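Below: the structure, in structure tokens.
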Amino acid sequence: MDAAVLLDFLSASLRIATPLLLAALGGILCERGGTFAVGLEGQMLAGAFFGVIVTYFAHSAGLGLLASALGGMLMALVVMVATVRFHAEHMVTGIASNILALGLTSFLLRSIAGGSASAMRVPLLETWAVPLLSDIPGIGPLLFRQPPLTYVALLLLPPVILFLTRTRAGLALRAVGENPMAAFAAGIDPIRTRAAAILAGGALAGLAGAVLSLQQVGTFTDGMTGGRGYLALAAIIVGRWMPLGTLVACLMFGAAEAASLRLQAFSLPVSSYIIQMLPYLAALLVLAVMGRGARMPAAVGQPFRTR
Amino acid sequence: MSPVSPSADRPPVDGQAPAAPGPSTGHDRPPTLLLSAITARAARAAPLWRAVSAVAMAFAVTAGLILLAGKDPFQAYAFLLRGAFGSWDRIVVGLNKTTPYLLCAVGIALCFRGRVMNIGAEGQLALGGSAAAAVALGMGESPGWLVLLLALAAGAGGGALWAGIGAGIRVWRGVNEVLVTLLMNFIALLIVAELLHGSLGEEGAGFPQSPLFAPSAWLGKLVPRTDLHPGILIAVLAAVAAHVLLWRTTLGFRWRVAGASESAARYAGISPGRAVFGLMMSAGGLAGLAGAIECLGVHYRLIEGFSAGFGFNAVAVALMGALNPLYVVPSALFFGFLETGALAMQRQVGVPSSLVLIIQGLTMVFVLSGLGRAGSAKV
């Protein structure tokens, strides 16, 4: 494999991993606070949708990005009220919010755009080359000639890590995810903490949706997330709820999909459908191999009640 | 025979976490007869009240969205109602639509009772349908009843096997079953696509579908000169059987104990792992049967996308049916007719039928919130 092919493959992996990484970072915040982030898929979908709609009508990519973050937060709000306020079961509530997002985006798209739903195209976010750094051979084009949200995803890593491990708020968040009663006794409000974590996670997942619609496709189609929210969820588990580990997992899933796209070009004895299974198989395989080694935040999925 | 024992749906007596619904609660007798009657009634009324209020709220919120879209919600709902029940033909379509929902939801209700969050009905249904199609196509001109019987069995077997793989990953590797079944759904759909573009596909059809089955392999009509196939009968029988299994047999008792408390189950000599296998494979078998019935009774072939959405919707059906196999019957009927009505509404008023998804999602959120508030934090 020569260098150009390898570079193309790696850059495709990074491209595909970007939405997974953004969503997974949101999911980490949510799950470290003690709420299963099954709703990522729907939050991504809402983010993708509102990003396109607002960009289309406001002719502003900035407003579009803001809208996608808010769209993700809107779906997160549903999950938040149901799980934090009413102690609804997290997993199935997440699934429910995903169904809701699928219906809502499809319904609103048809209501707003009417018959011209497919004509709602927006310009893609442009690739931005970092001066000087992008001229480094090899790593330059790979890391420093990318569309903006890819930078955002990568640049968010250090702050999220620092937040979780080096700040009071991060400690409070982890405490609530591990033992909300103890956190409560220490003067932390688990309900507010969880609510904030879910909403922040939703905003990131919404941006992840914007990666798909505004950075990669340029329009919105029904169910365009196609299970990436669930892959992000798998990446969190594989990455053991740590941002860096999750980054590795996302890149791995990205590489699996990039490989499947490239393998289809060769005339292999197996069909393209078998190859398309690669990312899902990779996720299942890694999860199965890791097995019980993964320790999730202790109180994840448990409701917090003061009575 | 009370349709649901008090342990099934704990009445919201207080905000406390409920006592584990272990072996004894089903037969507990509160001190006085009066109290017993009251709690029993509350237990029976709670799921109904929860379901009705959840649906009402979902319809109310959705009406707001229809209004926002510039249409008249009352007119839309009127057309929805007419589309669902307007004629015998519509009712038949609704009953046929109900069948897969009911079969899948019964399995999911069993699983959730045993606290196994099986979200994989769609993949199980897809592979069940594929297995049935393979048998129906492969056996060609054999006697009809034999082909039918084997195809239905293959459907159930295919679904159960697929679910069994998921159960294995869950039990032996300790991976959360929600994630396992979700990921397996995507793989199952790709397997179906592979089959339809390969060995089972029809040459030159222009659409990924299998050739038409020989008419001997078609599921007959329940009522002559209508499209009603016997699937709905099979589904209702399955619901009754699941109810009996869950509440009147040792196996069902074991499953419920395993769901209530893993440590209690271990202490009582019940293997939680085996319960997971039993639950998942039963649910997979039911979903696979639903897939077989869809292929043999509705499409008469395997087509791409025939399984779309059944899995998640069935979770909504099961939840609205309070995870009780018998209550799942009206719940499945509701969602089946809702869907046929919504398709008619889309044609007549131009309100997108994706409205159904909104109603389903909202109903689920409301039911779950109601369950959580009532104190049964775990489904």
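Chain labels A, B, ... are given in the sequence in which chains occur in the structure tokens; within each chain residues are numbered consecutively from 1, and ligands are likewise numbered from 1 in the order shown.
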
Need the shell around stretch 135-143 of chain A: protein/DNA/RNA residues with any atom at most 10 Å away, counting only C-alpha atoms. Skip same-chain ones fewer than 3 positions apart. Format as a short mmCIF file (atom, residue, chain, number, x, y, z; two decimals) with C-alpha atoms, in the first residue's frame?
data_model
loop_
_atom_site.label_atom_id
_atom_site.label_comp_id
_atom_site.auth_asym_id
_atom_site.auth_seq_id
_atom_site.Cartn_x
_atom_site.Cartn_y
_atom_site.Cartn_z
CA ALA A 3 1.59 6.44 1.00
CA ALA A 4 -1.15 8.22 -0.91
CA LEU A 6 -2.75 5.06 3.18
CA LEU A 7 -3.21 8.80 3.67
CA ASP A 8 -6.54 8.69 1.87
CA PHE A 9 -7.64 5.78 4.02
CA LEU A 10 -6.60 7.47 7.27
CA SER A 11 -8.23 10.73 6.34
CA ALA A 12 -11.44 8.90 5.45
CA LEU A 14 -10.96 10.45 10.59
CA ARG A 15 -13.81 11.90 8.52
CA ALA A 129 -6.34 24.42 5.94
CA VAL A 130 -4.32 25.53 8.93
CA PRO A 131 -1.58 27.81 7.56
CA LEU A 132 1.93 26.30 7.64
CA GLN A 146 -10.13 19.26 7.45
CA THR A 150 -13.51 17.87 12.66
CA TYR A 151 -11.26 20.42 14.37
CA LEU A 154 -10.57 17.00 18.17
#

Using only C-alpha atoms and a distance of at most 8 Å, pull out the residues of chain A that contact chain B, as number ranges by chain. A: 82-83, 86-89, 91-93, 95-104, 106-108, 110-112, 227, 230-231, 233-234, 271, 273-274, 276-277, 280-281, 283-284, 287-292, 303, 307

Residue with the minimum atom-to-atom distance to A:Met252, picked from A:Leu20, A:Ala37, A:Phe220, A:Pro180 with only C-alpha atoms counted, is A:Leu20

Could you give me, as a ChimeraX atom specification, the residues within 9 Å of B:Ser142, counting only C-alpha atoms and dropping anything in the same chain fewer than 3 positions from it? /B:139,145-147,216-217

Could you please write out, as a PyMOL selection string, every residue of stretch 54-206 of chain A that DSSP assigns to strand (DSSP E or B)? chain A and resi 128-129+145-146
